[in-house]
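Novice: The structure file coords14.cif (mmCIF, C-alpha atoms) is provided below.
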data_final
#
loop_
_atom_site.label_atom_id
_atom_site.label_comp_id
_atom_site.auth_asym_id
_atom_site.auth_seq_id
_atom_site.Cartn_x
_atom_site.Cartn_y
_atom_site.Cartn_z
CA MET A 1 211.04 201.94 189.56
CA LYS A 2 207.75 201.87 187.74
CA LEU A 3 205.45 199.06 188.71
CA VAL A 4 203.27 197.56 186.06
CA LYS A 5 199.68 197.09 187.09
CA PHE A 6 198.10 194.05 185.54
CA THR A 7 194.42 194.04 184.67
CA ALA A 8 192.51 190.78 184.45
CA GLY A 9 192.72 190.98 180.68
CA SER A 10 196.41 191.72 180.52
CA LEU A 11 197.09 189.03 183.08
CA LEU A 12 195.16 186.52 180.99
CA ALA A 13 197.05 187.60 177.91
CA LEU A 14 200.32 187.28 179.76
CA LEU A 15 199.39 183.84 181.02
CA LEU A 16 198.38 182.70 177.57
CA SER A 17 201.54 184.04 176.02
CA THR A 18 203.67 182.46 178.74
CA LEU A 19 201.91 179.11 178.58
CA SER A 20 201.67 179.13 174.82
CA PRO A 21 204.00 176.40 173.66
CA SER A 22 206.20 176.57 170.63
CA ALA A 23 205.03 175.31 167.28
CA ALA A 24 206.70 172.05 168.14
CA SER A 25 204.14 171.32 170.84
CA ALA A 26 201.14 173.60 170.29
CA GLY A 27 198.12 171.35 170.35
CA ILE A 28 200.15 168.36 169.24
CA ALA A 29 200.86 165.55 171.68
CA ILE A 30 203.98 163.63 170.71
CA VAL A 31 205.05 160.06 171.48
CA ASP A 32 208.62 158.92 170.78
CA TYR A 33 209.20 155.20 170.27
CA VAL A 34 211.73 152.56 169.23
CA GLY A 35 211.14 148.98 168.22
CA PHE A 36 211.32 146.27 165.59
CA GLY A 37 209.11 145.40 162.66
CA TRP A 38 208.48 142.29 160.64
CA GLU A 39 206.40 141.22 157.71
CA THR A 40 204.96 137.79 157.18
CA ASP A 41 207.23 136.06 154.63
CA GLY A 42 209.81 138.85 155.03
CA LEU A 43 209.96 142.50 154.06
CA ALA A 44 212.60 142.12 151.34
CA ALA A 45 210.11 140.50 148.98
CA SER A 46 206.89 142.10 150.12
CA LEU A 47 204.02 140.42 148.33
CA PRO A 48 200.38 141.50 148.17
CA GLY A 49 198.63 140.16 151.24
CA ASP A 50 201.71 140.02 153.47
CA VAL A 51 201.11 141.67 156.84
CA PHE A 52 203.50 144.16 158.48
CA SER A 53 203.64 144.65 162.26
CA VAL A 54 205.85 146.72 164.57
CA ALA A 55 206.36 146.21 168.33
CA ASN A 56 207.68 149.32 170.11
CA VAL A 57 208.51 150.67 173.52
CA VAL A 58 207.94 154.37 174.22
CA THR A 59 210.86 156.52 175.39
CA GLN A 60 209.09 159.90 175.57
CA ILE A 61 205.38 160.66 175.86
CA ASP A 62 203.36 163.85 176.24
CA PRO A 63 201.91 164.15 179.79
CA ARG A 64 198.43 164.41 178.29
CA PHE A 65 198.55 160.69 177.53
CA GLY A 66 198.60 160.10 181.29
CA VAL A 67 201.45 157.59 181.42
CA ASN A 68 204.32 158.32 183.80
CA LEU A 69 207.39 156.59 182.38
CA GLY A 70 208.99 156.86 185.80
CA SER A 71 206.62 154.27 187.18
CA ALA A 72 205.27 152.45 184.14
CA GLU A 73 206.16 151.56 180.60
CA ALA A 74 204.25 152.51 177.51
CA THR A 75 204.22 150.25 174.50
CA LEU A 76 203.06 151.01 170.97
CA TYR A 77 201.92 148.18 168.75
CA ILE A 78 201.20 148.45 165.04
CA THR A 79 199.66 145.52 163.22
CA GLY A 80 197.36 144.44 160.43
CA LEU A 81 199.03 146.50 157.69
CA THR A 82 198.38 144.55 154.50
CA SER A 83 200.96 144.90 151.74
CA GLN A 84 199.85 145.84 148.25
CA GLY A 85 203.22 144.63 146.97
CA ALA A 86 206.65 146.17 146.55
CA VAL A 87 207.54 148.51 143.69
CA THR A 88 211.19 149.40 143.02
CA ASP A 89 212.22 152.53 141.16
CA PRO A 90 215.15 151.44 138.93
CA GLY A 91 216.44 154.98 138.81
CA THR A 92 216.72 155.64 142.54
CA GLY A 93 216.76 152.08 143.85
CA VAL A 94 214.02 153.01 146.30
CA THR A 95 211.54 150.21 147.00
CA THR A 96 208.12 151.48 148.03
CA ILE A 97 205.48 149.35 149.72
CA THR A 98 201.96 150.65 150.19
CA TYR A 99 199.76 149.08 152.83
CA THR A 100 196.04 149.08 153.56
CA GLY A 101 194.24 148.54 156.82
CA GLY A 102 196.17 148.37 160.04
CA THR A 103 195.84 149.61 163.58
CA LEU A 104 198.03 151.36 166.13
CA ALA A 105 197.54 151.10 169.89
CA ILE A 106 199.39 152.50 172.90
CA TYR A 107 199.23 150.79 176.29
CA GLY A 108 200.36 151.90 179.73
CA ASP A 109 201.63 149.04 181.84
CA ALA A 110 203.20 149.10 185.31
CA SER A 111 204.73 145.66 184.88
CA ARG A 112 207.50 146.86 182.50
CA ASN A 113 207.53 143.44 180.87
CA HIS A 114 208.02 144.19 177.17
CA ASP A 115 210.20 141.61 175.48
CA TRP A 116 210.83 141.43 171.75
CA GLY A 117 212.20 137.90 171.83
CA THR A 118 212.91 136.37 168.44
CA ASN A 119 210.94 135.13 165.47
CA PRO A 120 207.65 137.01 166.10
CA ALA A 121 204.87 136.41 166.67
CA ASN A 122 206.15 134.55 169.72
CA GLY A 123 205.45 134.00 173.37
CA THR A 124 206.02 137.68 174.22
CA VAL A 125 204.98 139.44 171.01
CA PRO A 126 202.41 140.79 170.83
CA SER A 127 201.32 139.85 174.37
CA THR A 128 203.84 142.01 176.30
CA PHE A 129 203.18 144.95 173.97
CA THR A 130 199.39 144.81 174.27
CA ASP A 131 198.93 144.30 178.00
CA GLY A 132 198.04 147.06 180.47
CA SER A 133 195.49 149.82 179.90
CA LEU A 134 194.64 151.14 176.46
CA VAL A 135 195.77 154.77 176.20
CA PHE A 136 195.20 155.39 172.51
CA SER A 137 193.98 153.42 169.52
CA GLY A 138 193.71 154.36 165.90
CA THR A 139 193.13 152.92 162.45
CA PHE A 140 195.41 153.70 159.52
CA THR A 141 193.97 155.45 156.50
CA SER A 142 197.33 155.32 154.72
CA PHE A 143 200.72 153.75 155.32
CA THR A 144 203.79 153.72 153.07
CA LEU A 145 207.23 152.24 153.65
CA SER A 146 210.27 153.16 151.53
CA LEU A 147 213.59 151.32 151.56
CA LEU A 148 217.02 151.77 149.99
CA PRO A 149 219.42 148.91 149.23
CA SER A 150 221.67 150.43 151.92
CA GLY A 151 219.11 149.28 154.49
CA ALA A 152 218.01 152.82 155.36
CA GLY A 153 214.35 153.64 155.02
CA ILE A 154 211.32 155.40 156.39
CA TYR A 155 207.64 154.82 156.90
CA GLU A 156 204.77 157.21 157.45
CA GLY A 157 201.09 156.76 158.10
CA LEU A 158 197.96 158.76 158.78
CA LEU A 159 195.35 157.59 161.28
CA ASN A 160 191.90 158.17 162.63
CA GLY A 161 191.72 158.16 166.42
CA THR A 162 189.21 155.60 167.62
CA GLY A 163 189.65 155.08 171.36
CA GLY A 164 191.77 154.91 174.48
CA SER A 165 191.82 156.89 177.71
CA ALA A 166 193.85 159.79 176.26
CA LEU A 167 191.48 160.41 173.37
CA ALA A 168 188.89 163.06 174.19
CA TYR A 169 186.77 162.12 171.19
CA PRO A 170 187.08 160.04 168.01
CA CYS A 171 188.78 162.03 165.29
CA SER A 172 189.55 161.75 161.59
CA GLY A 173 193.06 162.29 160.26
CA CYS A 174 194.19 163.54 163.65
CA ALA A 175 197.15 161.22 164.15
CA TYR A 176 200.31 160.76 162.14
CA THR A 177 203.29 158.49 162.61
CA PHE A 178 206.70 158.56 161.01
CA ALA A 179 209.82 156.48 161.63
CA GLY A 180 213.24 155.82 160.27
CA THR A 181 213.68 152.13 159.46
CA PHE A 182 217.00 150.32 159.49
CA GLY A 183 217.57 146.93 157.90
CA ALA A 184 220.45 144.49 158.18
CA PRO A 185 222.86 146.30 155.79
CA THR A 186 223.02 149.20 158.26
CA SER A 187 224.38 146.80 160.93
CA ALA A 188 221.48 147.74 163.22
CA GLN A 189 220.74 145.38 166.10
CA ILE A 190 217.85 143.29 164.82
CA PRO A 191 216.67 140.22 166.71
CA ALA A 192 216.29 137.08 164.62
CA GLY A 193 213.01 136.98 162.74
CA TYR A 194 212.54 140.76 162.58
CA ASP A 195 213.16 142.70 159.35
CA VAL A 196 213.84 146.24 160.54
CA GLN A 197 214.64 148.34 163.55
CA VAL A 198 212.49 151.49 163.75
CA ASP A 199 212.81 154.82 165.54
CA GLY A 200 209.85 157.14 165.24
CA THR A 201 207.19 159.43 166.60
CA LEU A 202 203.42 159.59 166.77
CA GLU A 203 201.76 162.98 166.65
CA LEU A 204 198.18 163.38 167.89
CA GLU A 205 196.57 166.72 167.20
CA GLY A 206 193.62 168.30 168.95
CA ALA A 207 191.91 165.22 170.32
CA VAL A 208 193.76 164.96 173.62
CA PRO A 209 192.18 166.67 176.63
CA ALA A 210 193.69 169.91 177.91
CA GLU A 211 195.70 169.61 181.10
CA THR A 212 193.49 170.77 183.97
CA MET A 213 194.93 173.04 186.69
CA ASN A 214 193.32 174.84 189.60
CA TRP A 215 193.97 178.54 190.31
CA GLY A 216 196.28 177.73 193.19
CA SER A 217 198.51 175.62 190.98
CA LEU A 218 198.39 178.25 188.26
CA LYS A 219 199.42 181.02 190.65
CA GLN A 220 202.29 178.88 191.92
CA LEU A 221 203.83 179.14 188.48
CA TYR A 222 204.18 182.91 188.91
CA ASN A 223 205.32 183.08 192.56
CA MET B 1 232.92 109.87 182.03
CA MET B 2 229.76 111.19 183.64
CA LYS B 3 231.59 114.41 184.67
CA LYS B 4 232.77 114.99 181.11
CA THR B 5 229.25 114.46 179.84
CA LEU B 6 227.88 116.91 182.40
CA ILE B 7 230.39 119.61 181.43
CA THR B 8 229.60 119.06 177.77
CA LEU B 9 225.90 119.40 178.45
CA MET B 10 226.47 122.60 180.44
CA LEU B 11 228.53 124.11 177.66
CA LEU B 12 225.93 123.15 175.10
CA GLY B 13 223.27 124.68 177.32
CA GLN B 14 225.20 127.93 177.56
CA ALA B 15 225.70 127.98 173.81
CA ALA B 16 221.98 127.51 173.29
CA LEU B 17 221.19 130.36 175.68
CA ALA B 18 223.69 132.62 173.93
CA THR B 19 222.03 132.14 170.57
CA SER B 20 218.44 132.49 171.75
CA ALA B 21 218.78 135.46 174.10
CA PHE B 22 218.89 138.95 172.58
CA ALA B 23 219.45 141.99 174.74
CA VAL B 24 218.57 145.26 173.02
CA GLN B 25 221.01 148.00 174.02
CA MET B 26 221.35 151.51 172.66
CA PHE B 27 221.85 155.17 173.42
CA ASP B 28 218.49 156.41 172.15
CA PHE B 29 218.52 160.13 171.45
CA ASP B 30 216.20 162.98 170.46
CA ALA B 31 218.20 165.71 168.73
CA GLN B 32 217.97 168.89 166.73
CA ALA B 33 220.42 169.31 163.86
CA THR B 34 221.74 172.14 161.75
CA MET B 35 222.70 171.49 158.15
CA PRO B 36 225.38 173.41 156.27
CA ALA B 37 224.51 175.77 153.43
CA GLY B 38 226.61 173.79 150.99
CA VAL B 39 229.41 171.33 150.35
CA GLY B 40 232.37 171.95 152.64
CA GLY B 41 230.23 173.21 155.49
CA ALA B 42 229.62 171.24 158.65
CA ALA B 43 226.49 169.77 160.20
CA ALA B 44 225.95 169.56 163.94
CA ALA B 45 223.40 167.90 166.22
CA TYR B 46 222.46 168.43 169.86
CA GLY B 47 220.33 165.84 171.60
CA ARG B 48 219.17 164.23 174.80
CA ILE B 49 219.63 160.54 175.62
CA VAL B 50 216.06 159.41 176.34
CA ASN B 51 216.34 155.72 177.26
CA GLY B 52 215.14 156.30 180.82
CA GLN B 53 213.99 152.90 182.05
CA ALA B 54 212.48 151.94 178.69
CA VAL B 55 215.51 150.53 176.88
CA ALA B 56 218.83 149.29 178.28
CA THR B 57 221.95 151.35 177.66
CA PRO B 58 225.21 149.63 176.64
CA ILE B 59 226.84 150.85 179.86
CA PRO B 60 224.94 151.67 183.07
CA LEU B 61 223.67 155.26 183.25
CA ASP B 62 221.98 156.99 186.20
CA PHE B 63 218.96 158.74 184.69
CA ALA B 64 217.49 159.43 188.13
CA ASN B 65 220.30 161.81 189.03
CA TYR B 66 221.82 162.96 185.77
CA GLU B 67 220.87 164.21 182.36
CA TYR B 68 222.71 162.66 179.44
CA THR B 69 223.23 164.52 176.20
CA ILE B 70 224.82 163.74 172.86
CA VAL B 71 226.57 166.23 170.63
CA VAL B 72 227.80 165.73 167.06
CA THR B 73 230.02 168.43 165.57
CA GLY B 74 232.26 168.92 162.56
CA LEU B 75 230.30 166.61 160.28
CA THR B 76 231.51 167.96 156.95
CA LEU B 77 229.20 167.74 153.94
CA ASP B 78 231.23 166.17 151.11
CA VAL B 79 228.49 165.36 148.57
CA TYR B 80 225.02 166.87 148.47
CA GLY B 81 222.06 165.08 146.92
CA THR B 82 219.03 162.94 147.67
CA THR B 83 221.61 160.94 149.53
CA SER B 84 224.22 163.26 151.03
CA PHE B 85 227.60 162.10 152.29
CA PHE B 86 229.40 163.53 155.30
CA SER B 87 232.74 162.86 157.00
CA GLY B 88 234.92 163.88 159.91
CA GLY B 89 232.30 164.10 162.63
CA VAL B 90 233.08 164.11 166.33
CA VAL B 91 230.64 162.58 168.84
CA ALA B 92 230.45 163.03 172.60
CA ILE B 93 228.04 161.89 175.29
CA TYR B 94 227.91 164.08 178.41
CA GLN B 95 226.66 163.47 181.93
CA ASP B 96 225.45 166.54 183.80
CA SER B 97 223.44 167.22 186.93
CA ALA B 98 223.83 170.99 187.03
CA THR B 99 221.93 172.43 184.08
CA SER B 100 219.07 171.20 181.95
CA SER B 101 219.73 171.11 178.25
CA ASP B 102 217.91 173.70 176.19
CA TRP B 103 218.00 173.79 172.41
CA ALA B 104 217.95 177.58 172.56
CA SER B 105 221.41 177.33 174.10
CA PRO B 106 223.48 174.56 172.45
CA ALA B 107 226.24 174.93 175.05
CA THR B 108 223.90 173.35 177.62
CA PHE B 109 224.32 170.07 175.76
CA SER B 110 228.10 169.96 176.06
CA ASP B 111 228.58 170.85 179.72
CA GLY B 112 229.24 168.28 182.42
CA THR B 113 231.49 165.26 182.11
CA ALA B 114 232.25 163.71 178.72
CA ILE B 115 231.66 160.02 179.45
CA LEU B 116 232.24 158.80 175.89
CA THR B 117 233.89 160.60 172.99
CA GLY B 118 234.61 159.35 169.53
CA THR B 119 234.41 159.82 165.80
CA LEU B 120 231.62 159.62 163.27
CA ALA B 121 234.00 159.19 160.39
CA THR B 122 231.36 158.71 157.70
CA PHE B 123 227.66 159.43 157.66
CA GLN B 124 225.07 159.41 154.89
CA ARG B 125 221.63 160.95 154.98
CA SER B 126 218.93 159.93 152.51
CA MET B 127 215.81 162.05 152.03
CA PHE B 128 212.81 160.06 150.76
CA THR B 129 210.49 163.07 150.63
CA SER B 130 211.09 166.80 150.99
CA THR B 131 210.76 166.49 154.75
CA LEU B 132 211.44 162.86 155.71
CA GLY B 133 214.59 160.81 155.64
CA SER B 134 217.02 158.67 157.57
CA GLY B 135 220.72 158.67 158.24
CA THR B 136 223.32 156.02 158.95
CA GLY B 137 226.96 155.98 159.98
CA PHE B 138 229.41 154.36 162.37
CA VAL B 139 230.96 155.59 165.61
CA ASP B 140 234.31 154.58 167.07
CA TRP B 141 234.65 155.39 170.78
CA THR B 142 238.11 156.68 171.64
CA GLY B 143 237.83 158.56 174.92
CA GLY B 144 235.70 159.73 177.82
CA SER B 145 235.52 158.96 181.51
CA LEU B 146 233.60 155.69 181.01
CA LEU B 147 235.51 154.37 178.00
CA GLY B 148 237.10 151.81 180.30
CA GLN B 149 233.73 150.13 180.71
CA LEU B 150 233.92 149.04 177.09
CA ALA B 151 236.28 146.22 176.21
CA LEU B 152 238.71 147.09 173.43
CA GLU B 153 236.83 144.92 170.95
CA ASP B 154 233.54 146.66 171.85
CA ARG B 155 234.68 150.23 171.09
CA THR B 156 234.46 150.43 167.34
CA GLY B 157 231.89 150.19 164.58
CA TRP B 158 228.80 151.28 166.51
CA PRO B 159 225.94 152.05 164.08
CA PHE B 160 224.67 155.62 164.31
CA LEU B 161 221.09 155.47 163.01
CA THR B 162 218.57 158.28 162.90
CA SER B 163 215.29 159.25 161.40
CA VAL B 164 215.28 162.76 159.94
CA SER B 165 212.30 165.09 159.91
CA ARG B 166 212.10 168.60 158.53
CA THR B 167 208.40 168.89 159.40
CA ALA B 168 207.74 172.23 161.08
CA SER B 169 206.14 170.62 164.12
CA GLN B 170 209.34 168.65 164.76
CA VAL B 171 211.99 171.33 164.36
CA GLN B 172 213.02 173.81 167.04
CA ALA B 173 213.81 177.43 166.24
CA GLY B 174 217.31 177.82 164.88
CA TYR B 175 217.61 174.25 163.62
CA THR B 176 216.94 172.66 160.25
CA GLU B 177 215.83 169.15 161.18
CA ARG B 178 215.06 166.75 163.99
CA TRP B 179 217.14 163.61 164.41
CA ASP B 180 215.39 160.85 166.35
CA GLY B 181 217.89 158.04 166.55
CA LYS B 182 220.36 155.96 168.41
CA VAL B 183 223.97 154.84 168.72
CA GLU B 184 224.24 151.16 169.49
CA PRO B 185 226.74 148.33 169.65
CA GLN B 186 226.50 145.69 166.94
CA GLN B 187 226.34 143.06 169.65
CA GLU B 188 225.35 143.14 173.27
CA VAL B 189 227.99 144.71 175.51
CA VAL B 190 228.54 142.41 178.48
CA ALA B 191 230.03 143.70 181.73
CA THR B 192 233.35 142.14 182.67
CA GLU B 193 233.20 139.89 185.71
CA GLN B 194 236.35 139.08 187.68
CA LEU B 195 236.62 135.41 188.69
CA SER B 196 239.41 133.46 190.33
CA TRP B 197 240.37 130.10 188.81
CA SER B 198 238.79 128.32 191.76
CA GLU B 199 235.52 130.25 191.29
CA LEU B 200 235.55 129.45 187.59
CA LYS B 201 236.16 125.78 188.28
CA ALA B 202 233.46 125.78 190.93
CA GLY B 203 230.98 126.86 188.26
CA TYR B 204 231.53 123.53 186.51
CA ARG B 205 231.33 121.20 189.55
#
For this file, produce the structure as structure tokens.
Specialist:
Amino acid sequence: MKLVKFTAGSLLALLLSTLSPSAASAGIAIVDYVGFGWETDGLAASLPGDVFSVANVVTQIDPRFGVNLGSAEATLYITGLTSQGAVTDPGTGVTTITYTGGTLAIYGDASRNHDWGTNPANGTVPSTFTDGSLVFSGTFTSFTLSLLPSGAGIYEGLLNGTGGSALAYPCSGCAYTFAGTFGAPTSAQIPAGYDVQVDGTLELEGAVPAETMNWGSLKQLYN
Amino acid sequence: MMKKTLITLMLLGQAALATSAFAVQMFDFDAQATMPAGVGGAAAAYGRIVNGQAVATPIPLDFANYEYTIVVTGLTLDVYGTTSFFSGGVVAIYQDSATSSDWASPATFSDGTAILTGTLATFQRSMFTSTLGSGTGFVDWTGGSLLGQLALEDRTGWPFLTSVSRTASQVQAGYTERWDGKVEPQQEVVATEQLSWSELKAGYR
């Protein structure tokens, strides 16, 4: 048997190659969330000036955000998106709503008290989605929602990172969120007063701190 | 007279509670899907149920001791377009404590015990951009070790809803898109509680 002798350089290269994540996670911290959205005066007839908000609970979160879902909940709250009005393409039937403004914030909260209730804003929305410690906050630079008459839709938005314990430094265009949206015609569960159910992700690139590890912990990975 | 009034008030109270309370239940999943090359081919999806303690499941699941996975197979592409139509899918949810699921090995998603199995008879996927879309369909549960926990009237017509992303950062090697979605009852599934007549009557004294 021929033993391979590792030099410091080859060992470093090996470590880097072993630790190097796939494209799906390299440098990108991902948050997976589900929730419900509503627009003042209803989403079906979005008028300029109406405001869209989404209250979400997080089901998966990158460890770099520092929230352990085994002992706490994470909530993600989007609000302040101001409609510029709905435009429907007669050819495709797709209604597109462009929004300006808006913020997104993630909170870690040991109380696990999120409650959508009905007819938001209400006694628990946004309060149970904005309590706890601020993990990430951002401001939208763009946000677009598209809907089909079937009730299926999507939204996507680009953000600047502005604060929160997981953000190493403020950043421009470093965060992106996308979700599928599901209205009443899809038969999705939607509490009274909400317009859509959403299922989406937030991607934060580059502005989260690297996970720190001492040499002992690192060596344990190779024992 | 007073007793009748009291019972009426209790029933009204229960009715009021039933209309104001809303329990969100779903099997929330994170999946990778493969799309067929053309009409007649079949799509498949392999995912993990990721509710954890964040969102209630329609039937109790033990996330502390088991991994739960969802597999969709045989979803035949009938019409391809901006909105594509599929049929004939089979859905199964597995419970497994032995092996962790790994998208590099799809078989790791279908080992363990099939707790719910059913059909995804129709499914349509709409792409709004070249990389982003959403899909909707309905599941009827017909088998599995925990089917008995669903009353007969609760087994059919479960919406299957998913966001679809073909963005490179979202798709694992060997797959064509990520499905981030859920299967959910149209109304809250309530556990059956056995009561004797005397216990039932006692509730109204």
Novice: Using all atoms listed in the file, pick whichever of B:Gln95, B:Ser87, B:Thr82, B:Ser198 has the shortest atom-to-atom distance to chain A.
Specialist: B:Thr82
Novice: Between atom CA of Ala92 of chain B and atom CA of Tyr46 of chain B, what is the distance in Å, rounded to a tenth?
Specialist: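 Between atom CA of Ala92 of chain B and atom CA of Tyr46 of chain B the gap works out to 10.0 Å.
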Novice: Using only C-alpha atoms, which residues sit within 6 Å of segment 129-145 of chain A once same-chain residues fewer than 4 positions away are excluded, as an NGL selection string?
Specialist: :A and (75 or 96-99 or 101-109 or 114 or 154-166)
Novice: Return the single residue from A:Asp195, A:Asp89, A:Asp115, A:Asp32 that is closest to Phe52 of chain A, with distances computed using all atoms listed in the file.
Specialist: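 Residue with the minimum atom-to-atom distance to Phe52 of chain A: A:Asp195.
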Novice: Please write as a PyMOL selection string the full residue list that the PyMOL selection byres ((chain B) within 8 of (chain A)) yields on this file.
Specialist: chain B and resi 20-22+24+50-55+126+128+132-136+159+161-164+168-172+180-181+184-187
Novice: Any chance you can output those residues with C-alpha atoms as a PDB file, in the frame of the given file?
Specialist:
ATOM      1  CA  SER B  20     218.440 132.490 171.750  1.00  0.00           C
ATOM      2  CA  ALA B  21     218.780 135.460 174.100  1.00  0.00           C
ATOM      3  CA  PHE B  22     218.890 138.950 172.580  1.00  0.00           C
ATOM      4  CA  VAL B  24     218.570 145.260 173.020  1.00  0.00           C
ATOM      5  CA  VAL B  50     216.060 159.410 176.340  1.00  0.00           C
ATOM      6  CA  ASN B  51     216.340 155.720 177.260  1.00  0.00           C
ATOM      7  CA  GLY B  52     215.140 156.300 180.820  1.00  0.00           C
ATOM      8  CA  GLN B  53     213.990 152.900 182.050  1.00  0.00           C
ATOM      9  CA  ALA B  54     212.480 151.940 178.690  1.00  0.00           C
ATOM     10  CA  VAL B  55     215.510 150.530 176.880  1.00  0.00           C
ATOM     11  CA  SER B 126     218.930 159.930 152.510  1.00  0.00           C
ATOM     12  CA  PHE B 128     212.810 160.060 150.760  1.00  0.00           C
ATOM     13  CA  LEU B 132     211.440 162.860 155.710  1.00  0.00           C
ATOM     14  CA  GLY B 133     214.590 160.810 155.640  1.00  0.00           C
ATOM     15  CA  SER B 134     217.020 158.670 157.570  1.00  0.00           C
ATOM     16  CA  GLY B 135     220.720 158.670 158.240  1.00  0.00           C
ATOM     17  CA  THR B 136     223.320 156.020 158.950  1.00  0.00           C
ATOM     18  CA  PRO B 159     225.940 152.050 164.080  1.00  0.00           C
ATOM     19  CA  LEU B 161     221.090 155.470 163.010  1.00  0.00           C
ATOM     20  CA  THR B 162     218.570 158.280 162.900  1.00  0.00           C
ATOM     21  CA  SER B 163     215.290 159.250 161.400  1.00  0.00           C
ATOM     22  CA  VAL B 164     215.280 162.760 159.940  1.00  0.00           C
ATOM     23  CA  ALA B 168     207.740 172.230 161.080  1.00  0.00           C
ATOM     24  CA  SER B 169     206.140 170.620 164.120  1.00  0.00           C
ATOM     25  CA  GLN B 170     209.340 168.650 164.760  1.00  0.00           C
ATOM     26  CA  VAL B 171     211.990 171.330 164.360  1.00  0.00           C
ATOM     27  CA  GLN B 172     213.020 173.810 167.040  1.00  0.00           C
ATOM     28  CA  ASP B 180     215.390 160.850 166.350  1.00  0.00           C
ATOM     29  CA  GLY B 181     217.890 158.040 166.550  1.00  0.00           C
ATOM     30  CA  GLU B 184     224.240 151.160 169.490  1.00  0.00           C
ATOM     31  CA  PRO B 185     226.740 148.330 169.650  1.00  0.00           C
ATOM     32  CA  GLN B 186     226.500 145.690 166.940  1.00  0.00           C
ATOM     33  CA  GLN B 187     226.340 143.060 169.650  1.00  0.00           C
TER      34      GLN B 187
END
Novice: Let me know the residues the PyMOL selection byres ((chain B and resi 64) around 10) catches in the file above, as a PyMOL selection string.
Specialist: (chain A and resi 70) or (chain B and resi 52-53+61-63+65-67+97)
Novice: Please produce an output containing C-alpha atoms for each residue in the selection, written as a CSV table (one decimal), keeping the file's coordinate frame.
Specialist:
chain,number,residue,atom,x,y,z
A,70,GLY,CA,209.0,156.9,185.8
B,52,GLY,CA,215.1,156.3,180.8
B,53,GLN,CA,214.0,152.9,182.0
B,61,LEU,CA,223.7,155.3,183.2
B,62,ASP,CA,222.0,157.0,186.2
B,63,PHE,CA,219.0,158.7,184.7
B,65,ASN,CA,220.3,161.8,189.0
B,66,TYR,CA,221.8,163.0,185.8
B,67,GLU,CA,220.9,164.2,182.4
B,97,SER,CA,223.4,167.2,186.9
Novice: Using the chain letters and numbers from the file, give me the residues hit by the PyMOL selection byres ((chain B and resi 141-144) around 10), as a list in words.
Specialist: Val90, Val91, Ala92, Ile93, Tyr94, Thr113, Ala114, Ile115, Leu116, Thr117, Gly118, Thr119, Leu120, Phe138, Val139, Asp140, Ser145, Leu146, Leu147, Gly148, Leu150, Leu152, Asp154, Arg155, Thr156, Gly157 and Trp158 of chain B
Novice: Grab the atom CA of Gly112 of chain B to atom CA of Gln124 of chain B distance for me, in Å with one decimal place.
Specialist: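 One can read the atom CA of Gly112 of chain B to atom CA of Gln124 of chain B distance as 29.2 Å.
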Novice: How many Å lie between atom CA of Ile70 of chain B and atom CA of Gly174 of chain B, rounded to one decimal?
Specialist: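 Distance reported for this atom pair: 17.8 Å.
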Novice: Would you pick out the contacts of Thr82 of chain A at 6 Å or less, using all atoms listed in the file, so that residues sharing its chain but fewer than 3 positions from it are not included, and give the list as a list in words?
Specialist: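 Here the answer would be Gly49, Asp50, Val51, Tyr99 and Thr100 of chain A.
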Novice: Nearest to Pro185 of chain A: which of A:Gly80, A:Pro149, A:Gly93, A:Asn119 is it, counting all atoms listed in the file?
Specialist: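 Among the listed residues, the smallest separation from Pro185 of chain A belongs to A:Pro149.
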